[in-house]
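The file run25.txt contains compact mmCIF, C-alpha atoms and all ligand atoms:
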```
# COMPACT_ATOMS: atom_id res chain seq x y z
CA MET V 184 -11.06 10.59 1.97
CA THR V 185 -9.49 13.45 0.07
CA PRO V 186 -11.63 15.43 -2.40
CA ASN V 187 -10.98 14.49 -6.05
CA VAL V 188 -8.61 11.66 -5.13
CA ARG V 189 -9.41 8.15 -6.35
CA PRO V 190 -9.05 5.72 -3.44
CA LEU V 191 -6.95 2.55 -3.71
CA VAL V 192 -7.84 -0.67 -1.92
CA ALA V 193 -4.71 -2.82 -1.95
CA GLY V 194 -4.05 -6.33 -0.67
CA ASN V 195 -0.62 -7.48 0.51
CA TRP V 196 -0.49 -11.27 0.57
CA LYS V 197 2.99 -11.35 2.14
CA MET V 198 4.51 -14.86 2.12
CA ASN V 199 1.14 -16.52 1.63
CA GLY V 200 -0.39 -18.15 -1.41
CA THR V 201 0.23 -21.07 -3.73
CA ARG V 202 -1.32 -21.87 -7.10
CA ALA V 203 -4.45 -22.99 -5.23
CA SER V 204 -4.92 -19.40 -4.03
CA LEU V 205 -5.34 -18.19 -7.61
CA ASP V 206 -9.02 -18.99 -7.15
CA GLN V 207 -9.18 -16.09 -4.70
CA ILE V 208 -7.58 -13.76 -7.26
CA LYS V 209 -10.09 -14.94 -9.86
CA ALA V 210 -12.95 -14.23 -7.48
CA ILE V 211 -11.59 -10.77 -6.67
CA ALA V 212 -11.04 -10.03 -10.37
CA GLU V 213 -14.70 -10.91 -11.00
CA GLY V 214 -15.97 -9.12 -7.89
CA VAL V 215 -14.45 -5.75 -8.80
CA LYS V 216 -16.11 -5.72 -12.22
CA THR V 217 -18.66 -3.18 -11.05
CA PRO V 218 -19.26 0.52 -11.78
CA LEU V 219 -17.45 1.19 -8.48
CA SER V 220 -14.18 0.35 -10.22
CA GLU V 221 -14.37 3.65 -12.08
CA LYS V 222 -14.15 5.42 -8.75
CA VAL V 223 -11.99 3.08 -6.64
CA GLU V 224 -8.89 1.14 -7.69
CA ALA V 225 -8.29 -2.42 -6.50
CA LEU V 226 -4.87 -4.06 -6.32
CA ILE V 227 -3.56 -7.39 -5.08
CA CYS V 228 0.14 -7.99 -4.39
CA PRO V 229 0.62 -11.75 -4.35
CA PRO V 230 4.02 -13.39 -3.81
CA ALA V 231 6.37 -13.06 -6.79
CA THR V 232 5.85 -16.73 -7.70
CA LEU V 233 2.24 -15.95 -8.65
CA LEU V 234 2.73 -12.57 -10.26
CA TYR V 235 2.70 -13.55 -13.92
CA VAL V 236 -0.19 -16.00 -13.68
CA ALA V 237 -2.16 -13.54 -11.58
CA THR V 238 -1.90 -10.75 -14.15
CA ALA V 239 -3.09 -13.14 -16.85
CA LEU V 240 -6.22 -13.78 -14.77
CA CYS V 241 -6.98 -10.05 -14.77
CA ASP V 242 -7.00 -9.49 -18.52
CA ASP V 243 -10.66 -8.54 -18.58
CA SER V 244 -10.88 -7.13 -15.06
CA PRO V 245 -10.00 -3.74 -13.55
CA LEU V 246 -8.10 -5.59 -10.80
CA LEU V 247 -4.44 -4.51 -10.76
CA ILE V 248 -1.58 -6.77 -9.72
CA GLY V 249 1.60 -5.68 -7.99
CA ALA V 250 4.64 -7.00 -6.15
CA GLN V 251 5.73 -6.76 -2.52
CA ASP V 252 9.30 -5.56 -2.96
CA CYS V 253 11.91 -4.86 -5.62
CA HIS V 254 15.68 -4.51 -5.69
CA GLN V 255 17.18 -1.07 -6.14
CA ASN V 256 19.17 -2.21 -9.17
CA LYS V 257 17.87 -3.22 -12.58
CA SER V 258 19.67 -6.56 -12.81
CA GLY V 259 22.85 -8.27 -11.67
CA PRO V 260 24.33 -10.54 -9.01
CA HIS V 261 21.59 -10.28 -6.36
CA THR V 262 20.50 -13.83 -5.62
CA GLY V 263 16.87 -14.13 -4.66
CA ASP V 264 15.89 -10.57 -5.54
CA ILE V 265 13.59 -9.30 -8.28
CA SER V 266 13.81 -5.98 -10.13
CA GLY V 267 11.21 -3.42 -11.05
CA GLU V 268 11.77 -4.30 -14.66
CA MET V 269 10.89 -7.96 -13.96
CA ILE V 270 7.69 -6.90 -12.22
CA ALA V 271 6.72 -4.67 -15.15
CA ASP V 272 7.60 -7.51 -17.52
CA CYS V 273 4.99 -9.64 -15.72
CA PHE V 274 2.47 -6.78 -16.23
CA GLY V 275 2.62 -5.76 -12.57
CA THR V 276 1.74 -2.09 -12.08
CA HIS V 277 2.68 -1.42 -8.44
CA VAL V 278 5.32 -2.44 -5.94
CA ILE V 279 5.28 -2.11 -2.16
CA VAL V 280 8.56 -0.81 -0.75
CA GLY V 281 9.68 -0.26 2.84
CA HIS V 282 7.10 -2.47 4.49
CA SER V 283 7.97 -2.70 8.18
CA GLU V 284 8.46 -6.46 7.85
CA ARG V 285 11.21 -5.79 5.30
CA ARG V 286 12.63 -2.93 7.34
CA THR V 287 12.88 -5.40 10.27
CA ASP V 288 13.62 -8.77 8.62
CA HIS V 289 16.09 -7.37 6.09
CA ALA V 290 17.36 -4.31 7.97
CA GLU V 291 16.12 -1.99 5.22
CA THR V 292 16.94 1.67 5.86
CA ASP V 293 15.06 4.79 4.74
CA HIS V 294 17.86 5.38 2.25
CA LEU V 295 17.47 1.92 0.71
CA VAL V 296 13.68 2.27 0.59
CA ARG V 297 14.10 5.53 -1.32
CA ALA V 298 16.44 3.83 -3.81
CA LYS V 299 13.90 1.06 -4.30
CA ALA V 300 11.13 3.60 -4.94
CA GLU V 301 13.35 5.29 -7.54
CA ALA V 302 13.97 1.92 -9.19
CA ALA V 303 10.21 1.37 -9.27
CA TYR V 304 9.66 4.72 -11.03
CA GLU V 305 12.33 3.87 -13.55
CA ALA V 306 10.50 0.65 -14.39
CA GLY V 307 7.24 2.58 -14.80
CA LEU V 308 5.73 1.18 -11.61
CA THR V 309 3.81 2.99 -8.89
CA ALA V 310 5.65 2.70 -5.57
CA ILE V 311 3.64 2.12 -2.41
CA ILE V 312 5.99 3.45 0.24
CA CYS V 313 5.24 2.24 3.78
CA VAL V 314 5.85 4.26 6.93
CA GLY V 315 4.78 3.79 10.54
CA GLU V 316 5.94 3.85 14.14
CA THR V 317 6.66 0.90 16.44
CA ALA V 318 4.88 0.38 19.75
CA ASP V 319 7.91 1.70 21.67
CA GLU V 320 8.12 4.80 19.52
CA ARG V 321 4.44 5.43 20.03
CA ARG V 322 4.73 5.02 23.81
CA ALA V 323 7.60 7.48 23.78
CA GLY V 324 5.37 10.03 22.00
CA GLN V 325 7.54 9.94 18.85
CA THR V 326 4.90 8.94 16.27
CA LEU V 327 4.88 12.19 14.29
CA ASP V 328 8.67 12.55 14.46
CA ILE V 329 9.07 9.06 13.01
CA LEU V 330 6.57 9.77 10.24
CA LYS V 331 8.36 13.03 9.41
CA ARG V 332 11.73 11.27 9.21
CA GLN V 333 10.47 8.33 7.19
CA LEU V 334 8.58 10.55 4.74
CA SER V 335 11.49 12.88 4.18
CA SER V 336 14.09 10.09 3.86
CA SER V 337 12.14 7.29 2.14
CA VAL V 338 10.13 9.28 -0.39
CA PRO V 339 12.25 10.39 -3.40
CA ALA V 340 12.36 14.07 -4.39
CA SER V 341 11.02 12.99 -7.80
CA ALA V 342 7.83 11.47 -6.33
CA THR V 343 4.55 12.53 -7.95
CA ALA V 344 0.93 11.82 -7.12
CA ALA V 345 0.81 9.40 -10.07
CA SER V 346 4.00 7.49 -9.22
CA THR V 347 3.65 7.29 -5.47
CA VAL V 348 1.25 6.06 -2.82
CA ILE V 349 2.06 6.39 0.89
CA ALA V 350 0.86 3.66 3.27
CA TYR V 351 0.69 4.54 6.96
CA GLU V 352 1.03 1.29 8.86
CA PRO V 353 1.60 1.55 12.61
CA VAL V 354 3.86 -1.47 13.18
CA TRP V 355 1.97 -2.47 16.33
CA ALA V 356 -1.33 -2.59 14.41
CA ILE V 357 -0.09 -5.02 11.74
CA GLY V 358 -1.56 -8.48 12.12
CA THR V 359 -2.59 -7.83 15.72
CA GLY V 360 -6.29 -7.07 15.34
CA VAL V 361 -5.64 -3.78 17.15
CA THR V 362 -6.04 -0.42 15.40
CA PRO V 363 -5.35 3.15 16.51
CA THR V 364 -8.36 5.26 17.50
CA LEU V 365 -10.05 7.06 14.63
CA GLU V 366 -8.77 10.35 16.10
CA ASP V 367 -5.20 9.06 16.06
CA VAL V 368 -5.51 7.91 12.44
CA GLU V 369 -6.97 11.30 11.50
CA LYS V 370 -4.15 13.13 13.26
CA ALA V 371 -1.41 11.03 11.63
CA HIS V 372 -2.90 11.37 8.14
CA ALA V 373 -3.44 15.13 8.50
CA PHE V 374 0.17 15.46 9.61
CA MET V 375 1.42 13.42 6.65
CA ARG V 376 -0.74 15.43 4.23
CA ALA V 377 0.77 18.67 5.50
CA GLU V 378 4.27 17.25 5.12
CA LEU V 379 3.56 16.07 1.56
CA VAL V 380 1.99 19.39 0.56
CA SER V 381 4.93 21.36 1.94
CA ARG V 382 7.35 19.19 -0.04
CA PHE V 383 5.42 18.44 -3.24
CA GLY V 384 2.85 21.24 -3.52
CA SER V 385 -0.24 20.30 -5.52
CA ASP V 386 1.08 16.75 -6.07
CA GLY V 387 1.31 16.39 -2.31
CA ARG V 388 -2.33 17.36 -2.06
CA LYS V 389 -3.32 14.53 -4.45
CA MET V 390 -0.86 11.83 -3.33
CA ARG V 391 -2.79 8.95 -1.86
CA ILE V 392 -2.22 8.06 1.78
CA LEU V 393 -3.49 4.57 2.64
CA TYR V 394 -4.09 3.29 6.13
CA GLY V 395 -2.89 -0.25 6.90
CA GLY V 396 -2.88 -2.44 9.99
CA SER V 397 -5.70 -4.82 10.93
CA VAL V 398 -8.17 -3.44 8.38
CA LYS V 399 -11.16 -5.80 8.13
CA PRO V 400 -14.73 -5.65 6.83
CA SER V 401 -16.03 -4.59 10.26
CA ASN V 402 -13.78 -1.53 10.68
CA ALA V 403 -13.13 -0.52 7.06
CA GLY V 404 -16.12 1.85 6.78
CA GLU V 405 -15.10 4.03 9.69
CA LEU V 406 -11.39 3.99 8.83
CA MET V 407 -11.89 4.75 5.13
CA GLY V 408 -14.28 7.58 5.96
CA ILE V 409 -11.56 9.57 7.76
CA ASP V 410 -10.19 12.75 6.12
CA ASN V 411 -6.97 12.11 4.19
CA VAL V 412 -7.40 8.32 4.30
CA ASP V 413 -7.39 7.43 0.60
CA GLY V 414 -7.71 3.67 0.80
CA ALA V 415 -6.31 0.68 2.62
CA LEU V 416 -3.33 -1.66 2.57
CA ILE V 417 -4.74 -4.95 3.76
CA GLY V 418 -2.76 -7.99 4.88
CA GLY V 419 -4.64 -10.90 6.44
CA ALA V 420 -8.12 -9.90 5.26
CA SER V 421 -6.96 -9.70 1.62
CA LEU V 422 -6.30 -13.44 1.45
CA LYS V 423 -10.00 -14.20 1.30
CA ALA V 424 -11.85 -12.79 -1.70
CA SER V 425 -15.07 -12.27 0.27
CA ASP V 426 -13.30 -10.19 2.95
CA PHE V 427 -11.29 -8.16 0.44
CA LEU V 428 -14.41 -7.44 -1.60
CA ALA V 429 -16.40 -6.51 1.50
CA ILE V 430 -13.74 -3.92 2.33
CA TYR V 431 -13.70 -2.67 -1.29
CA ARG V 432 -17.46 -2.27 -1.23
CA VAL V 433 -17.50 0.04 1.80
CA TYR V 434 -16.90 2.72 -0.84
CA GLU V 435 -20.38 2.06 -2.26
CA GLN V 436 -21.70 3.73 0.90
CA LEU V 437 -18.91 6.25 1.35
CA LEU V 438 -19.20 7.58 -2.21
CA ALA V 439 -23.00 7.38 -2.43
P1 LIG V 501 -2.74 -6.78 8.36
O1 LIG V 501 -1.41 -6.38 7.56
O2 LIG V 501 -3.90 -6.25 7.58
O3 LIG V 501 -2.73 -8.28 8.41
O4 LIG V 501 -2.65 -6.15 9.71
C1 LIG V 501 -1.28 -5.15 6.92
C2 LIG V 501 0.05 -5.02 6.24
O5 LIG V 501 1.08 -5.43 6.80
O6 LIG V 501 0.12 -4.53 5.09
```
So that I can check it, write out the structure of this file as structure tokens.
Ligand code: PGA
Amino acid sequence: MTPNVRPLVAGNWKMNGTRASLDQIKAIAEGVKTPLSEKVEALICPPATLLYVATALCDDSPLLIGAQDCHQNKSGPHTGDISGEMIADCFGTHVIVGHSERRTDHAETDHLVRAKAEAAYEAGLTAIICVGETADERRAGQTLDILKRQLSSSVPASATAASTVIAYEPVWAIGTGVTPTLEDVEKAHAFMRAELVSRFGSDGRKMRILYGGSVKPSNAGELMGIDNVDGALIGGASLKASDFLAIYRVYEQLLA
């Protein structure tokens, strides 16, 4: 955790979820109606098909709803894409950009990710910008070099602590059940904090840095307790309300 920074527990549903899954969003929306929500934000990013209905389910809940990607342009001939404006129009508040699955599946570059983050700001959304090394890069001892490059090239110069959340997701930890050691997470987050502070000053000190990659109820307490880890980006375990809420509630202990 970082002093005076409000953690964010975010779920990324990826290409999972049909209308039947709205029950899980309802349960999460109910489950986060606790005093803890004043101290910890909760966000679910369902597929775009569910965005508008999902936000309607959160009318009387502190649960926030976001999207998983946006196009860098506002509108136009881009079949299959959605814009930041469309997400905001559905009452979405956040958008994930630069997830490693998009960097791989759609050959997204740091430059494109930065343009998408700028488009998110323009639409009034908070951008969750993902960074993280592959297994090969880690083996080659390049983890911090990769993080430095991705942070400097994917995070816009106009980023602020309010408009931007960084998510550190080691690619090899995503969906594998394997996580880095707590020492390695601490080292990576401390490194990223120093980079953000040197570039953004006091905003860099307050910018949230989430950890993502195989976060589950059983490891969330120790991961979220690490210095400079300001929340989680959760894939698989966010699909089930009970697991997501169990992760959210680790902050009851951590903030007690
Ligand atoms: P996971 O995914 O929690 O299933 O590992 C995390 C992510 O890709 O955001």
Please provide as a PDB file with C-alpha atoms, in the coordinates of the input all residues within 10 Å of Leu334 in chain V, with the sequence filter that same-chain residues fewer than 3 positions apart are discarded (counting all atoms listed in the file).
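The new file part39.pdb reads:
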```
ATOM      1  CA  ASP V 293      15.060   4.790   4.740  1.00  0.00           C
ATOM      2  CA  ARG V 297      14.100   5.530  -1.320  1.00  0.00           C
ATOM      3  CA  ILE V 312       5.990   3.450   0.240  1.00  0.00           C
ATOM      4  CA  CYS V 313       5.240   2.240   3.780  1.00  0.00           C
ATOM      5  CA  VAL V 314       5.850   4.260   6.930  1.00  0.00           C
ATOM      6  CA  GLY V 315       4.780   3.790  10.540  1.00  0.00           C
ATOM      7  CA  ASP V 328       8.670  12.550  14.460  1.00  0.00           C
ATOM      8  CA  ILE V 329       9.070   9.060  13.010  1.00  0.00           C
ATOM      9  CA  LEU V 330       6.570   9.770  10.240  1.00  0.00           C
ATOM     10  CA  LYS V 331       8.360  13.030   9.410  1.00  0.00           C
ATOM     11  CA  SER V 337      12.140   7.290   2.140  1.00  0.00           C
ATOM     12  CA  VAL V 338      10.130   9.280  -0.390  1.00  0.00           C
ATOM     13  CA  PRO V 339      12.250  10.390  -3.400  1.00  0.00           C
ATOM     14  CA  ILE V 349       2.060   6.390   0.890  1.00  0.00           C
ATOM     15  CA  MET V 375       1.420  13.420   6.650  1.00  0.00           C
ATOM     16  CA  GLU V 378       4.270  17.250   5.120  1.00  0.00           C
ATOM     17  CA  LEU V 379       3.560  16.070   1.560  1.00  0.00           C
ATOM     18  CA  ARG V 382       7.350  19.190  -0.040  1.00  0.00           C
TER      19      ARG V 382
END
```
*Out of V:Cys253, V:Leu406, V:Ile357, V:Ala212, which residue has the shortest atom-to-atom distance to Ala420 in chain V when counting all atoms listed in the file?*
V:Ile357
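Between CA of Ile227 in chain V and CA of Thr262 in chain V the interatomic distance comes to 24.9 Å.
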_Taking only C-alpha atoms and all ligand atoms into account, list the residues no farther than 10 Å from ligand LIG 501 (chain V), as an MDAnalysis selection string._
chainID V and resid 193:197 251 279 282:284 313 350:362 394:399 415:422
With C-alpha atoms retained, could you export that selection as an mmCIF file, in the frame of the given file?
```
data_model
loop_
_atom_site.group_PDB
_atom_site.id
_atom_site.type_symbol
_atom_site.label_atom_id
_atom_site.label_comp_id
_atom_site.auth_asym_id
_atom_site.auth_seq_id
_atom_site.Cartn_x
_atom_site.Cartn_y
_atom_site.Cartn_z
ATOM 1 C CA ALA V 193 -4.710 -2.820 -1.950
ATOM 2 C CA GLY V 194 -4.050 -6.330 -0.670
ATOM 3 C CA ASN V 195 -0.620 -7.480 0.510
ATOM 4 C CA TRP V 196 -0.490 -11.270 0.570
ATOM 5 C CA LYS V 197 2.990 -11.350 2.140
ATOM 6 C CA GLN V 251 5.730 -6.760 -2.520
ATOM 7 C CA ILE V 279 5.280 -2.110 -2.160
ATOM 8 C CA HIS V 282 7.100 -2.470 4.490
ATOM 9 C CA SER V 283 7.970 -2.700 8.180
ATOM 10 C CA GLU V 284 8.460 -6.460 7.850
ATOM 11 C CA CYS V 313 5.240 2.240 3.780
ATOM 12 C CA ALA V 350 0.860 3.660 3.270
ATOM 13 C CA TYR V 351 0.690 4.540 6.960
ATOM 14 C CA GLU V 352 1.030 1.290 8.860
ATOM 15 C CA PRO V 353 1.600 1.550 12.610
ATOM 16 C CA VAL V 354 3.860 -1.470 13.180
ATOM 17 C CA TRP V 355 1.970 -2.470 16.330
ATOM 18 C CA ALA V 356 -1.330 -2.590 14.410
ATOM 19 C CA ILE V 357 -0.090 -5.020 11.740
ATOM 20 C CA GLY V 358 -1.560 -8.480 12.120
ATOM 21 C CA THR V 359 -2.590 -7.830 15.720
ATOM 22 C CA GLY V 360 -6.290 -7.070 15.340
ATOM 23 C CA VAL V 361 -5.640 -3.780 17.150
ATOM 24 C CA THR V 362 -6.040 -0.420 15.400
ATOM 25 C CA TYR V 394 -4.090 3.290 6.130
ATOM 26 C CA GLY V 395 -2.890 -0.250 6.900
ATOM 27 C CA GLY V 396 -2.880 -2.440 9.990
ATOM 28 C CA SER V 397 -5.700 -4.820 10.930
ATOM 29 C CA VAL V 398 -8.170 -3.440 8.380
ATOM 30 C CA LYS V 399 -11.160 -5.800 8.130
ATOM 31 C CA ALA V 415 -6.310 0.680 2.620
ATOM 32 C CA LEU V 416 -3.330 -1.660 2.570
ATOM 33 C CA ILE V 417 -4.740 -4.950 3.760
ATOM 34 C CA GLY V 418 -2.760 -7.990 4.880
ATOM 35 C CA GLY V 419 -4.640 -10.900 6.440
ATOM 36 C CA ALA V 420 -8.120 -9.900 5.260
ATOM 37 C CA SER V 421 -6.960 -9.700 1.620
ATOM 38 C CA LEU V 422 -6.300 -13.440 1.450
#
```
*asked:* One number please: CA of Val192 in chain V to CA of Val296 in chain V, in Å, one decimal.
replied: 21.9 Å
_Test item: residues at most 12 Å from Ser244 in chain V, all atoms listed in the file, excluding those fewer than 4 positions along its chain, as a list in words_ = Ile208, Lys209, Ala210, Ile211, Ala212, Glu213, Gly214, Val215, Lys216, Thr217, Pro218, Ser220, Glu221, Glu224, Ala225, Leu226, Ala237, Thr238, Ala239, Leu240 and Ile248 of chain V
Any chance you can output those residues with C-alpha atoms as a PDB file, in the frame of the given file?
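Result written to part04.pdb:
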```pdb
ATOM      1  CA  ILE V 208      -7.580 -13.760  -7.260  1.00  0.00           C
ATOM      2  CA  LYS V 209     -10.090 -14.940  -9.860  1.00  0.00           C
ATOM      3  CA  ALA V 210     -12.950 -14.230  -7.480  1.00  0.00           C
ATOM      4  CA  ILE V 211     -11.590 -10.770  -6.670  1.00  0.00           C
ATOM      5  CA  ALA V 212     -11.040 -10.030 -10.370  1.00  0.00           C
ATOM      6  CA  GLU V 213     -14.700 -10.910 -11.000  1.00  0.00           C
ATOM      7  CA  GLY V 214     -15.970  -9.120  -7.890  1.00  0.00           C
ATOM      8  CA  VAL V 215     -14.450  -5.750  -8.800  1.00  0.00           C
ATOM      9  CA  LYS V 216     -16.110  -5.720 -12.220  1.00  0.00           C
ATOM     10  CA  THR V 217     -18.660  -3.180 -11.050  1.00  0.00           C
ATOM     11  CA  PRO V 218     -19.260   0.520 -11.780  1.00  0.00           C
ATOM     12  CA  SER V 220     -14.180   0.350 -10.220  1.00  0.00           C
ATOM     13  CA  GLU V 221     -14.370   3.650 -12.080  1.00  0.00           C
ATOM     14  CA  GLU V 224      -8.890   1.140  -7.690  1.00  0.00           C
ATOM     15  CA  ALA V 225      -8.290  -2.420  -6.500  1.00  0.00           C
ATOM     16  CA  LEU V 226      -4.870  -4.060  -6.320  1.00  0.00           C
ATOM     17  CA  ALA V 237      -2.160 -13.540 -11.580  1.00  0.00           C
ATOM     18  CA  THR V 238      -1.900 -10.750 -14.150  1.00  0.00           C
ATOM     19  CA  ALA V 239      -3.090 -13.140 -16.850  1.00  0.00           C
ATOM     20  CA  LEU V 240      -6.220 -13.780 -14.770  1.00  0.00           C
ATOM     21  CA  ILE V 248      -1.580  -6.770  -9.720  1.00  0.00           C
TER      22      ILE V 248
END
```
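Our summary of the geometry notes that CA of Leu247 in chain V is positioned 16.2 Å from CA of Leu393 in chain V.
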*Please identify all polymer residues within 12 Å of Gly263 in chain V, counting all atoms listed in the file, omitting same-chain residues fewer than 4 positions from it, and present them as a PyMOL selection string.*
chain V and resi 231-232+252-254+258-259
